[in-house]
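Source file: entry10.txt; contents: compact mmCIF, C-alpha atoms.
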# COMPACT_ATOMS: atom_id res chain seq x y z
CA MET Q 24 2.05 -44.70 -7.93
CA LYS Q 25 0.60 -41.84 -5.95
CA SER Q 26 2.77 -39.81 -3.59
CA GLU Q 27 0.96 -39.66 -0.31
CA PHE Q 28 1.64 -40.15 3.38
CA VAL Q 29 -0.56 -43.02 4.57
CA GLN Q 30 -1.80 -42.92 8.15
CA ILE Q 31 -1.31 -46.56 9.07
CA LYS Q 32 -1.75 -47.81 12.65
CA ASN Q 33 1.88 -47.09 13.60
CA ALA Q 34 1.63 -43.48 12.38
CA ARG Q 35 -1.62 -43.01 14.27
CA LYS Q 36 0.01 -44.37 17.45
CA PHE Q 37 2.93 -41.96 16.96
CA HIS Q 38 0.56 -39.00 16.65
CA GLN Q 39 -1.40 -40.10 19.71
CA ALA Q 40 1.81 -40.34 21.76
CA ALA Q 41 2.88 -36.88 20.54
CA ASP Q 42 -0.51 -35.48 21.54
CA HIS Q 43 -0.27 -37.05 24.99
CA ILE Q 44 3.06 -35.40 25.82
CA HIS Q 45 1.75 -31.96 24.83
CA HIS Q 46 0.18 -30.70 28.01
CA LYS Q 47 0.59 -27.82 30.41
CA LEU Q 48 0.24 -29.86 33.59
CA LYS Q 49 2.92 -29.56 36.24
CA GLY Q 50 4.53 -32.69 37.59
CA ILE Q 51 3.65 -34.83 34.58
CA GLU Q 52 6.56 -35.64 32.34
CA ARG Q 53 6.70 -34.94 28.61
CA MET Q 54 8.76 -37.77 27.20
CA ALA Q 55 7.79 -40.55 24.81
CA LEU Q 56 9.73 -43.50 23.41
CA VAL Q 57 9.05 -44.95 19.98
CA PHE Q 58 10.94 -48.04 18.90
CA GLY Q 59 10.69 -50.97 16.53
CA ASP Q 60 12.39 -53.01 13.84
CA PRO Q 61 13.96 -51.24 10.85
CA GLY Q 62 11.76 -50.66 7.77
CA LEU Q 63 8.56 -49.89 9.67
CA GLY Q 64 8.61 -46.15 8.93
CA LYS Q 65 9.74 -44.68 12.26
CA THR Q 66 12.02 -42.04 10.77
CA GLU Q 67 9.60 -41.11 7.96
CA THR Q 68 6.73 -40.74 10.44
CA ALA Q 69 8.92 -38.60 12.70
CA LEU Q 70 10.04 -36.40 9.80
CA HIS Q 71 6.45 -36.03 8.58
CA TYR Q 72 5.36 -35.03 12.08
CA ALA Q 73 8.30 -32.66 12.59
CA ALA Q 74 7.90 -30.96 9.21
CA ASN Q 75 4.20 -30.37 9.61
CA ASN Q 76 4.24 -29.32 13.26
CA GLY Q 77 7.38 -27.16 13.35
CA SER Q 78 9.19 -29.59 15.67
CA LEU Q 79 12.93 -30.01 16.03
CA TYR Q 80 14.44 -33.20 14.66
CA ILE Q 81 17.94 -34.30 15.54
CA ARG Q 82 19.47 -37.53 14.32
CA MET Q 83 21.93 -38.78 16.90
CA LYS Q 84 25.33 -40.00 15.73
CA LYS Q 85 27.51 -42.75 17.11
CA LEU Q 86 30.30 -40.33 18.07
CA MET Q 87 27.97 -37.63 19.39
CA THR Q 88 28.99 -36.04 22.68
CA ALA Q 89 26.83 -33.85 24.90
CA ARG Q 90 28.60 -30.75 23.61
CA TRP Q 91 28.12 -31.78 19.96
CA PHE Q 92 24.43 -32.40 20.67
CA LEU Q 93 24.00 -28.97 22.30
CA THR Q 94 25.75 -27.28 19.37
CA GLU Q 95 23.43 -28.98 16.90
CA LEU Q 96 20.39 -28.12 19.03
CA VAL Q 97 21.28 -24.42 19.22
CA ASP Q 98 22.01 -24.36 15.50
CA ASP Q 99 18.60 -25.89 14.73
CA LEU Q 100 16.96 -23.36 17.03
CA GLY Q 101 18.42 -20.59 14.89
CA GLY Q 102 21.13 -19.40 17.32
CA SER Q 103 24.88 -19.09 16.95
CA PRO Q 104 26.35 -21.75 19.29
CA LYS Q 105 28.49 -20.27 22.06
CA TRP Q 106 31.96 -21.54 22.79
CA ARG Q 107 31.87 -22.44 26.49
CA THR Q 108 29.80 -25.51 27.40
CA LYS Q 109 28.03 -23.69 30.25
CA ASP Q 110 27.03 -20.84 27.93
CA LEU Q 111 25.95 -23.35 25.28
CA PHE Q 112 23.71 -25.16 27.74
CA ASP Q 113 22.19 -21.89 29.01
CA GLN Q 114 21.69 -20.74 25.43
CA SER Q 115 19.86 -23.92 24.43
CA CYS Q 116 17.63 -23.73 27.52
CA GLU Q 117 16.88 -20.08 26.80
CA LEU Q 118 16.00 -20.77 23.17
CA LEU Q 119 13.79 -23.74 24.07
CA GLN Q 120 12.01 -21.75 26.75
CA GLY Q 121 11.46 -18.87 24.34
CA ARG Q 122 9.47 -20.97 21.93
CA LYS Q 123 8.04 -24.34 22.89
CA ARG Q 124 8.81 -26.98 20.28
CA THR Q 125 8.80 -30.73 20.44
CA LEU Q 126 12.27 -32.22 20.27
CA ILE Q 127 12.46 -35.46 18.27
CA LEU Q 128 15.65 -37.49 18.71
CA ASP Q 129 16.25 -40.27 16.22
CA GLU Q 130 18.64 -43.23 16.65
CA VAL Q 131 18.71 -42.87 20.42
CA ASP Q 132 20.43 -46.28 20.70
CA TYR Q 133 23.69 -44.49 19.96
CA PHE Q 134 23.81 -42.40 23.12
CA THR Q 135 22.83 -45.14 25.55
CA SER Q 136 26.54 -45.79 26.14
CA ASP Q 137 27.23 -42.13 27.04
CA THR Q 138 25.64 -41.11 30.32
CA LYS Q 139 26.58 -37.45 29.77
CA VAL Q 140 24.14 -37.19 26.85
CA THR Q 141 21.27 -38.90 28.68
CA GLU Q 142 21.82 -36.70 31.74
CA THR Q 143 21.96 -33.56 29.58
CA LEU Q 144 18.67 -34.51 27.90
CA ARG Q 145 17.05 -35.09 31.28
CA ASP Q 146 18.34 -31.71 32.51
CA ILE Q 147 16.98 -29.92 29.43
CA HIS Q 148 13.62 -31.65 29.84
CA ASP Q 149 13.37 -30.78 33.54
CA ILE Q 150 14.51 -27.17 33.16
CA THR Q 151 12.61 -26.19 30.03
CA ASN Q 152 9.62 -28.60 30.15
CA THR Q 153 10.24 -29.43 26.49
CA SER Q 154 8.32 -32.35 25.03
CA MET Q 155 10.72 -35.01 23.76
CA ILE Q 156 10.18 -38.02 21.53
CA PHE Q 157 12.94 -40.63 21.50
CA ILE Q 158 13.10 -42.92 18.48
CA GLY Q 159 15.17 -46.05 18.62
CA MET Q 160 15.64 -49.43 17.07
CA ASN Q 161 14.35 -52.67 18.45
CA GLN Q 162 15.50 -53.24 22.05
CA ALA Q 163 15.87 -49.48 22.58
CA ASP Q 164 13.46 -49.75 25.51
CA LYS Q 165 15.68 -52.36 27.18
CA ARG Q 166 18.77 -50.25 26.65
CA LEU Q 167 17.11 -47.16 28.11
CA MET Q 168 15.81 -49.14 31.10
CA ARG Q 169 19.38 -49.04 32.38
CA PHE Q 170 18.76 -45.35 33.13
CA PRO Q 171 15.78 -45.55 35.50
CA HIS Q 172 15.69 -41.78 36.16
CA LEU Q 173 15.26 -41.26 32.39
CA TYR Q 174 13.03 -44.25 31.66
CA ASP Q 175 10.62 -43.25 34.46
CA ARG Q 176 9.97 -40.03 32.60
CA PHE Q 177 8.48 -41.79 29.55
CA VAL Q 178 4.75 -41.32 29.71
CA GLU Q 179 4.25 -43.08 26.38
CA VAL Q 180 6.15 -46.10 25.06
CA VAL Q 181 5.10 -47.05 21.53
CA LYS Q 182 6.35 -50.13 19.72
CA PHE Q 183 6.07 -50.02 15.93
CA GLN Q 184 4.59 -53.31 14.77
CA PRO Q 185 4.96 -54.93 11.33
CA LEU Q 186 2.14 -53.98 8.97
CA ASP Q 187 -0.90 -56.24 9.15
CA ARG Q 188 -3.39 -56.94 6.34
CA GLU Q 189 -5.51 -53.91 7.27
CA ASP Q 190 -2.49 -51.58 6.97
CA VAL Q 191 -1.43 -53.16 3.66
CA ASP Q 192 -4.99 -52.74 2.32
CA LEU Q 193 -4.93 -49.08 3.40
CA MET Q 194 -1.57 -48.52 1.71
CA VAL Q 195 -2.60 -50.25 -1.52
CA ARG Q 196 -5.82 -48.25 -1.76
CA ALA Q 197 -4.01 -44.96 -1.04
CA LEU Q 198 -0.97 -45.48 -3.26
CA SER Q 199 -1.93 -47.68 -6.18
CA GLU Q 200 -3.49 -46.30 -9.32
CA VAL Q 201 -4.75 -49.77 -10.30
CA PRO Q 202 -7.31 -51.63 -8.15
CA PHE Q 203 -6.06 -54.76 -6.38
CA ASP Q 204 -8.15 -57.89 -5.79
CA PRO Q 205 -8.44 -59.03 -2.12
CA ASP Q 206 -6.29 -62.10 -2.81
CA ALA Q 207 -3.53 -59.84 -4.19
CA ILE Q 208 -3.61 -57.78 -1.00
CA ASP Q 209 -3.32 -60.98 1.04
CA ARG Q 210 -0.31 -61.97 -1.01
CA ILE Q 211 1.39 -58.59 -0.56
CA ALA Q 212 0.75 -58.75 3.20
CA GLN Q 213 2.35 -62.18 3.28
CA GLU Q 214 5.34 -61.46 1.03
CA SER Q 215 6.20 -58.04 2.48
CA GLU Q 216 6.65 -59.42 6.03
CA GLY Q 217 5.07 -56.20 7.26
CA LYS Q 218 7.83 -53.93 5.91
CA ILE Q 219 6.74 -50.68 4.27
CA ARG Q 220 9.58 -50.67 1.77
CA LYS Q 221 8.65 -54.13 0.49
CA VAL Q 222 4.95 -53.19 0.21
CA ILE Q 223 5.87 -50.16 -1.93
CA VAL Q 224 8.13 -52.25 -4.18
CA LEU Q 225 5.38 -54.85 -4.68
CA ILE Q 226 2.77 -52.17 -5.49
CA HIS Q 227 5.15 -50.57 -7.98
CA ARG Q 228 5.90 -53.91 -9.65
CA ALA Q 229 2.21 -54.82 -9.84
CA GLU Q 230 1.37 -51.45 -11.40
CA GLN Q 231 4.02 -51.97 -14.07
CA LEU Q 232 2.59 -55.42 -14.87
CA ALA Q 233 -0.93 -54.03 -15.05
CA ARG Q 234 0.21 -51.28 -17.43
CA ALA Q 235 2.12 -53.72 -19.64
CA GLY Q 236 -0.77 -56.20 -19.80
CA ARG Q 237 -3.47 -53.49 -19.92
CA ARG Q 238 -5.24 -55.10 -16.99
CA GLN Q 239 -8.12 -53.43 -15.21
CA SER Q 240 -7.24 -54.97 -11.82
CA ILE Q 241 -4.47 -57.04 -10.25
CA GLY Q 242 -4.99 -60.50 -8.82
CA ALA Q 243 -2.70 -62.73 -6.71
CA LYS Q 244 -1.53 -64.73 -9.73
CA ASP Q 245 -0.27 -61.54 -11.42
CA LEU Q 246 2.14 -60.97 -8.56
CA LYS Q 247 4.24 -64.08 -9.21
CA MET E 17 10.53 3.79 2.34
CA SER E 18 8.42 3.14 -0.76
CA ARG E 19 6.11 5.80 -2.16
CA ILE E 20 2.96 3.95 -1.11
CA ASN E 21 4.33 3.72 2.44
CA ILE E 22 4.94 7.48 2.48
CA VAL E 23 1.35 8.04 1.39
CA ALA E 24 0.06 5.53 3.97
CA LYS E 25 2.10 7.17 6.75
CA MET E 26 0.75 10.59 5.86
CA LEU E 27 -2.84 9.32 5.72
CA LEU E 28 -2.53 7.83 9.21
CA GLU E 29 -1.99 11.33 10.64
CA LYS E 30 -5.10 12.68 12.32
CA ARG E 31 -5.54 15.61 9.98
CA TRP E 32 -5.92 13.26 7.00
CA ALA E 33 -7.41 10.14 8.55
CA ASP E 34 -10.59 11.81 9.82
CA ARG E 35 -11.54 14.05 6.93
CA PHE E 36 -12.27 14.20 3.23
CA PHE E 37 -9.40 15.35 1.07
CA THR E 38 -8.71 15.96 -2.56
CA LEU E 39 -5.87 14.65 -4.64
CA GLY E 40 -4.40 18.15 -4.92
CA GLN E 41 -4.42 18.75 -1.16
CA LEU E 42 -2.58 15.51 -0.45
CA ALA E 43 -0.16 15.95 -3.37
CA SER E 44 0.92 19.38 -2.14
CA ALA E 45 1.25 18.14 1.46
CA ILE E 46 3.46 15.20 0.51
CA GLY E 47 5.21 16.95 -2.35
CA ILE E 48 4.82 14.31 -5.05
CA GLU E 49 3.27 14.50 -8.50
CA ARG E 50 -0.51 14.27 -8.78
CA GLU E 51 -0.32 11.55 -11.42
CA ARG E 52 1.80 9.25 -9.25
CA LEU E 53 -0.33 9.96 -6.19
CA ARG E 54 -3.51 9.17 -8.17
CA LYS E 55 -2.12 5.72 -8.95
CA ASP E 56 -1.32 5.08 -5.26
CA LEU E 57 -4.70 6.28 -4.08
CA ASN E 58 -6.46 4.17 -6.68
CA LYS E 59 -4.48 1.18 -5.41
CA LEU E 60 -5.55 1.93 -1.82
CA CYS E 61 -9.16 2.22 -3.05
CA ARG E 62 -8.92 -1.18 -4.75
CA GLU E 63 -7.61 -2.69 -1.50
CA GLY E 64 -10.57 -1.19 0.38
CA ILE E 65 -8.35 1.07 2.51
CA ALA E 66 -9.48 4.38 1.00
CA LYS E 67 -12.77 5.36 -0.58
CA ARG E 68 -13.31 7.59 -3.57
CA ILE E 69 -16.22 9.99 -3.36
CA SER E 70 -17.24 12.34 -6.12
CA GLY E 71 -17.42 15.92 -5.04
CA LYS E 72 -19.58 18.73 -6.25
CA ARG E 73 -19.52 19.55 -9.93
CA GLN E 74 -17.73 22.85 -10.50
CA PRO E 75 -19.50 25.80 -12.17
CA LYS E 76 -18.74 26.09 -15.87
CA GLU E 77 -16.54 29.17 -15.48
CA ASN E 78 -14.23 27.33 -13.04
CA TYR E 79 -13.20 24.42 -15.23
CA GLY E 80 -11.30 24.43 -18.43
CA PRO E 81 -8.05 23.01 -19.78
CA GLY E 82 -6.03 21.59 -16.84
CA LYS E 83 -8.83 22.19 -14.35
CA PRO E 84 -11.09 19.33 -13.22
CA LYS E 85 -14.85 19.49 -13.87
CA GLN E 86 -15.45 18.29 -10.35
CA HIS E 87 -13.31 17.70 -7.28
CA ILE E 88 -12.73 14.07 -6.48
CA LEU E 89 -12.77 13.51 -2.76
CA PHE E 90 -11.10 10.67 -0.94
CA ARG E 91 -11.48 9.37 2.56
CA VAL E 92 -9.67 6.70 4.58
CA SER E 93 -12.20 3.93 5.15
CA ASN E 94 -10.10 1.29 6.93
CA LYS E 95 -7.50 2.70 9.32
CA LYS E 96 -6.56 -0.74 10.70
CA ALA E 97 -5.65 -2.08 7.24
CA LEU E 98 -3.72 1.14 6.55
CA ALA E 99 -1.69 0.68 9.75
CA GLU E 100 -1.03 -2.96 8.82
CA LYS E 101 0.27 -1.82 5.45
CA LEU E 102 3.04 0.06 7.22
CA GLN E 103 4.15 -2.99 9.17
CA PRO E 104 7.24 -4.72 7.73
CA GLN E 105 6.32 -7.71 5.57
CA THR E 106 7.04 -10.97 7.35
CA ARG E 107 6.98 -14.42 5.88
CA GLY E 108 4.50 -16.89 7.31
CA GLU E 109 6.00 -19.50 9.61
CA ASN E 110 6.25 -23.12 8.60
CA ASN E 111 4.78 -22.64 5.16
CA ALA E 112 5.25 -25.19 2.36
CA PHE E 113 8.76 -23.93 1.49
CA ASP E 114 9.89 -23.96 5.13
CA ARG E 115 8.66 -27.53 5.47
CA MET E 116 10.46 -28.61 2.30
CA TRP E 117 13.67 -26.90 3.43
CA PHE E 118 13.44 -28.67 6.79
CA VAL E 119 13.15 -32.09 5.09
CA ILE E 120 15.99 -31.31 2.64
CA ARG E 121 18.32 -30.33 5.50
CA LYS E 122 17.48 -33.37 7.55
CA LYS E 123 17.63 -35.94 4.77
CA ARG E 124 20.58 -34.44 2.83
CA VAL E 125 19.87 -36.89 -0.03
CA PHE E 126 16.26 -36.71 -1.13
CA THR E 127 13.84 -37.17 -4.01
CA ARG E 128 11.01 -34.88 -5.01
CA ARG E 129 8.67 -37.70 -3.98
CA ASP E 130 10.06 -37.49 -0.43
CA LEU E 131 9.20 -33.80 -0.32
CA ILE E 132 5.67 -34.41 -1.62
CA ILE E 133 5.01 -37.22 0.86
CA LEU E 134 6.61 -35.72 3.95
CA THR E 135 5.53 -32.11 3.55
CA GLU E 136 2.19 -32.62 1.78
CA VAL E 137 2.92 -30.14 -0.99
CA LYS E 138 1.87 -30.26 -4.63
CA ARG E 139 4.18 -31.86 -7.18
CA GLU E 140 4.60 -28.52 -9.00
CA THR E 141 5.55 -26.70 -5.77
CA ALA E 142 8.23 -29.28 -4.94
CA ARG E 143 9.55 -29.20 -8.50
CA TRP E 144 9.75 -25.41 -8.56
CA PHE E 145 11.48 -25.18 -5.17
CA VAL E 146 14.10 -27.80 -6.07
CA LYS E 147 14.72 -26.02 -9.38
CA MET E 148 15.29 -22.69 -7.60
CA LEU E 149 17.64 -24.33 -5.07
CA ARG E 150 19.59 -25.91 -7.93
CA ARG E 151 19.96 -22.51 -9.63
CA ALA E 152 21.20 -21.05 -6.32
CA GLY E 153 23.80 -23.82 -6.10
CA ILE E 154 22.36 -25.32 -2.92
CA VAL E 155 21.27 -28.70 -4.26
CA ALA E 156 22.52 -30.80 -7.17
CA PRO E 157 21.29 -34.00 -8.80
CA SER E 158 23.06 -37.13 -7.55
CA GLY E 159 23.65 -38.40 -11.07
CA PRO E 160 22.73 -37.68 -14.68
CA GLN E 161 19.59 -39.86 -14.67
CA SER E 162 19.08 -40.14 -10.92
CA PRO E 163 15.86 -38.96 -9.28
CA GLU E 164 17.90 -38.23 -6.15
CA TRP E 165 19.16 -34.79 -5.13
CA ARG E 166 21.96 -33.90 -2.73
CA LEU E 167 22.33 -30.88 -0.46
CA ILE E 168 25.71 -29.47 -1.47
CA ARG E 169 25.63 -26.20 0.50
CA ASP E 170 23.80 -25.68 3.76
CA PRO E 171 23.04 -22.01 4.49
CA GLY E 172 21.42 -22.86 7.87
CA PRO E 173 18.08 -23.78 9.37
CA LYS E 174 16.33 -20.74 7.92
CA ARG E 175 15.10 -21.30 4.40
CA PRO E 176 17.11 -19.44 1.72
CA TYR E 177 14.92 -17.00 -0.17
CA VAL E 178 15.37 -18.22 -3.73
CA THR E 179 12.27 -16.84 -5.45
CA ASN E 180 12.68 -16.50 -9.22
CA MET E 181 16.38 -17.29 -9.37
CA LYS E 182 17.60 -16.77 -12.91
CA ARG E 183 19.39 -19.46 -14.87
CA GLY E 184 23.10 -19.49 -14.02
CA GLY E 185 22.58 -18.82 -10.29
CA GLY E 186 23.20 -15.62 -8.41
CA GLU E 187 22.85 -14.17 -4.94
CA TYR E 188 19.96 -15.12 -2.71
CA GLU E 189 18.65 -13.82 0.60
CA THR E 190 19.39 -16.00 3.61
CA ASN E 191 16.97 -14.11 5.87
CA HIS E 192 19.41 -14.19 8.77

Written as structure tokens, how would this file's structure read?
Amino acid sequence: MKSEFVQIKNARKFHQAADHIHHKLKGIERMALVFGDPGLGKTETALHYAANNGSLYIRMKKLMTARWFLTELVDDLGGSPKWRTKDLFDQSCELLQGRKRTLILDEVDYFTSDTKVTETLRDIHDITNTSMIFIGMNQADKRLMRFPHLYDRFVEVVKFQPLDREDVDLMVRALSEVPFDPDAIDRIAQESEGKIRKVIVLIHRAEQLARAGRRQSIGAKDLK
Amino acid sequence: MSRINIVAKMLLEKRWADRFFTLGQLASAIGIERERLRKDLNKLCREGIAKRISGKRQPKENYGPGKPKQHILFRVSNKKALAEKLQPQTRGENNAFDRMWFVIRKKRVFTRRDLIILTEVKRETARWFVKMLRRAGIVAPSGPQSPEWRLIRDPGPKRPYVTNMKRGGGEYETNH
């Protein structure tokens, strides 16, 4: 199997949302929310985007407090976190203002119970004009709706959808070293339930079968 | 300061930058051996910073053992590149290694395939970088036959400089 990042519809939507929040206009917010069921590639897409665009990526934790978050942010920005919370906040604002970078926050569902974190994020966004992408699980939009002053700032809300046949076809063509018949692609689309992980497992298994049987292409009946 | 930087600094001075000079003139001004200076000037010529121009052939009575048949003249041809040579060398930002280090720190447990997919680097580059990190004692394989690697020591967000680490580990630059 080839090692390649496939630009499926969800990834393209993520990139479009990231492009939309990168602007220099005053008065227009720079926040986006990305959410969806597990196994649809949210984290991988975010990591791919962050690694290739020099963005900051912070995975939120269940026990994370505002102070813990600021410490991690300053550390990722290359600074030595200061001791006092006020100094830490000023330091993070200073570092973010010094060099504009998109801040990607994964597993945002965790901090929806702690208003201090949401308020701190809103403050940082308003003071430094930093672009922020929130990534959450399914229902993350509903959870964040409880904070209207934060939710109003989302200029882009993207829901990751399960992979359709077109996406599966794209993935098979990009990743498989053996050609698949159209009926085999239909079968993978049906069996995978739109989950990336399952599509990859099915491609891998089909490739093994093709190699063992010395087949030139894979049909639906080979996938049983 | 390295020898080539001393030569470059001297050549940037007005009295050398705007005129022709011989190897002997520059060697006596800097106070280094002609042979070493010749190597440096030849290097600058290869980089297109200086230009070598043959001078007039000397009359027969003037040359003999230890004396050149003709003076070789040099001239600085690219002052901008010469000035850039004196600037401290900085690493490019967000290059392939920085991207891989970012993914390793964020994932903590990773495979080489993750690095190739997420950072769009070649298989060989990912393999080499993981090998160097292993020699520096920063990553370790998860198990004897496992394709997974674990981050066992985190030196910080800036990529550790682990170029050509020898077997058995050793010190590495953290670039802090």

Residues of chain Q within 6 Å of chain E: nearest atom pair and distance (Å, one decimal) for each, counting all atoms listed in the file, sorted by chain and number, as CSV?
residue,atom,partner,partner_atom,distance
Q:Ser26,CA,E:Ile133,CA,5.6
Q:Glu27,CA,E:Ile133,CA,4.9
Q:Phe28,CA,E:Ile133,CA,5.1
Q:His71,CA,E:Leu134,CA,4.6
Q:Ala74,CA,E:Arg115,CA,5.1
Q:Asp99,CA,E:Pro173,CA,5.8

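Going from atom CA of Asp164 of chain Q over to atom CA of Pro61 of chain Q, you cover 14.7 Å.
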
Exercise. Any idea what's packed within 8 Å of Phe126 of chain E, counting only C-alpha atoms, ignoring anything in its chain fewer than 5 positions away? Could you give it as a list in words?
Worked result: Ile120, Leu131, Glu164, Trp165 and Arg166 of chain E

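With only C-alpha atoms as the atoms that count, the residue of Q:Asp60, Q:Glu189, Q:Asp129, Q:Glu216 with the shortest distance to Leu79 of chain Q is Q:Asp129.
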
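Pairwise distance (atom CA of Glu130 of chain Q, atom CA of Lys84 of chain Q) equals 7.5 Å.
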
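Omitting Ser154 of chain Q and its sequence neighbours fewer than 3 positions away, and counting only C-alpha atoms, the residues within 6 Å are Arg53, Met54 and Thr125 of chain Q.
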
For this session: Find the residues with any atom within 10 Å of (4.1, -40.6, 15.8); use only C-alpha atoms and the coordinates as given in the file, and write the answer as a list in words.
Result: Gln30, Lys32, Asn33, Ala34, Arg35, Lys36, Phe37, His38, Gln39, Ala40, Ala41, Asp42, Ala55, Leu56, Val57, Gly64, Lys65, Thr66, Glu67, Thr68, Ala69, Leu70, His71, Tyr72, Ala73, Ile156, Ile158, Val181 and Phe183 of chain Q

Could you save the residues just selected, with C-alpha atoms, as a PDB file, keeping the file's coordinate frame?
ATOM      1  CA  GLN Q  30      -1.800 -42.920   8.150  1.00  0.00           C
ATOM      2  CA  LYS Q  32      -1.750 -47.810  12.650  1.00  0.00           C
ATOM      3  CA  ASN Q  33       1.880 -47.090  13.600  1.00  0.00           C
ATOM      4  CA  ALA Q  34       1.630 -43.480  12.380  1.00  0.00           C
ATOM      5  CA  ARG Q  35      -1.620 -43.010  14.270  1.00  0.00           C
ATOM      6  CA  LYS Q  36       0.010 -44.370  17.450  1.00  0.00           C
ATOM      7  CA  PHE Q  37       2.930 -41.960  16.960  1.00  0.00           C
ATOM      8  CA  HIS Q  38       0.560 -39.000  16.650  1.00  0.00           C
ATOM      9  CA  GLN Q  39      -1.400 -40.100  19.710  1.00  0.00           C
ATOM     10  CA  ALA Q  40       1.810 -40.340  21.760  1.00  0.00           C
ATOM     11  CA  ALA Q  41       2.880 -36.880  20.540  1.00  0.00           C
ATOM     12  CA  ASP Q  42      -0.510 -35.480  21.540  1.00  0.00           C
ATOM     13  CA  ALA Q  55       7.790 -40.550  24.810  1.00  0.00           C
ATOM     14  CA  LEU Q  56       9.730 -43.500  23.410  1.00  0.00           C
ATOM     15  CA  VAL Q  57       9.050 -44.950  19.980  1.00  0.00           C
ATOM     16  CA  GLY Q  64       8.610 -46.150   8.930  1.00  0.00           C
ATOM     17  CA  LYS Q  65       9.740 -44.680  12.260  1.00  0.00           C
ATOM     18  CA  THR Q  66      12.020 -42.040  10.770  1.00  0.00           C
ATOM     19  CA  GLU Q  67       9.600 -41.110   7.960  1.00  0.00           C
ATOM     20  CA  THR Q  68       6.730 -40.740  10.440  1.00  0.00           C
ATOM     21  CA  ALA Q  69       8.920 -38.600  12.700  1.00  0.00           C
ATOM     22  CA  LEU Q  70      10.040 -36.400   9.800  1.00  0.00           C
ATOM     23  CA  HIS Q  71       6.450 -36.030   8.580  1.00  0.00           C
ATOM     24  CA  TYR Q  72       5.360 -35.030  12.080  1.00  0.00           C
ATOM     25  CA  ALA Q  73       8.300 -32.660  12.590  1.00  0.00           C
ATOM     26  CA  ILE Q 156      10.180 -38.020  21.530  1.00  0.00           C
ATOM     27  CA  ILE Q 158      13.100 -42.920  18.480  1.00  0.00           C
ATOM     28  CA  VAL Q 181       5.100 -47.050  21.530  1.00  0.00           C
ATOM     29  CA  PHE Q 183       6.070 -50.020  15.930  1.00  0.00           C
TER      30      PHE Q 183
END

For this session: Calculate how many Å separate atom CA of Val224 of chain Q from atom CA of Ile211 of chain Q, rounding to one decimal.
Result: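 Computing it gives 9.9 Å between the two atoms.
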
Problem set entry | Distance criterion (only C-alpha atoms): nearest to Gln184 of chain Q out of Q:Ser78, Q:Ser199, Q:Ile219, Q:Phe157 |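 Ranked by minimum distance to Gln184 of chain Q, first place goes to Q:Ile219.
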
Exercise. Can you list, as a PyMOL selection string, every protein, DNA or RNA residue that comes within 9 Å of Ala97 of chain E when you count all atoms listed in the file, leaving out same-chain residues fewer than 6 positions away?
Worked result: chain E and resi 63-65

With 3 Å added on each side, what axis-aligned box encloses every listed atom of segment 155-160 of chain Q? Give the centre and edge lengths in Å to one decimal, as lines of an AutoDock Vina configuration file.
center_x = 12.9
center_y = -42.2
center_z = 20.4
size_x = 11.5
size_y = 20.4
size_z = 12.7

Problem set entry | Ref. answer, residues at most 9 Å from (1.7, -54.2, -8.1) with all atoms listed in the file, as a PyMOL selection string | chain Q and resi 195+199+201+203+207+211+222-233+241+245-246

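Distances from Q:Asp110, Q:Leu198, Q:Leu186, Q:Thr141 to Pro171 of chain Q were compared using only C-alpha atoms, and the smallest one belongs to Q:Thr141.
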
Problem set entry | Within 8 Å of segment 145-151 of chain Q using only C-alpha atoms, minus same-chain residues under 6 positions, as number ranges by chain | Q: 53, 116, 119-120, 173
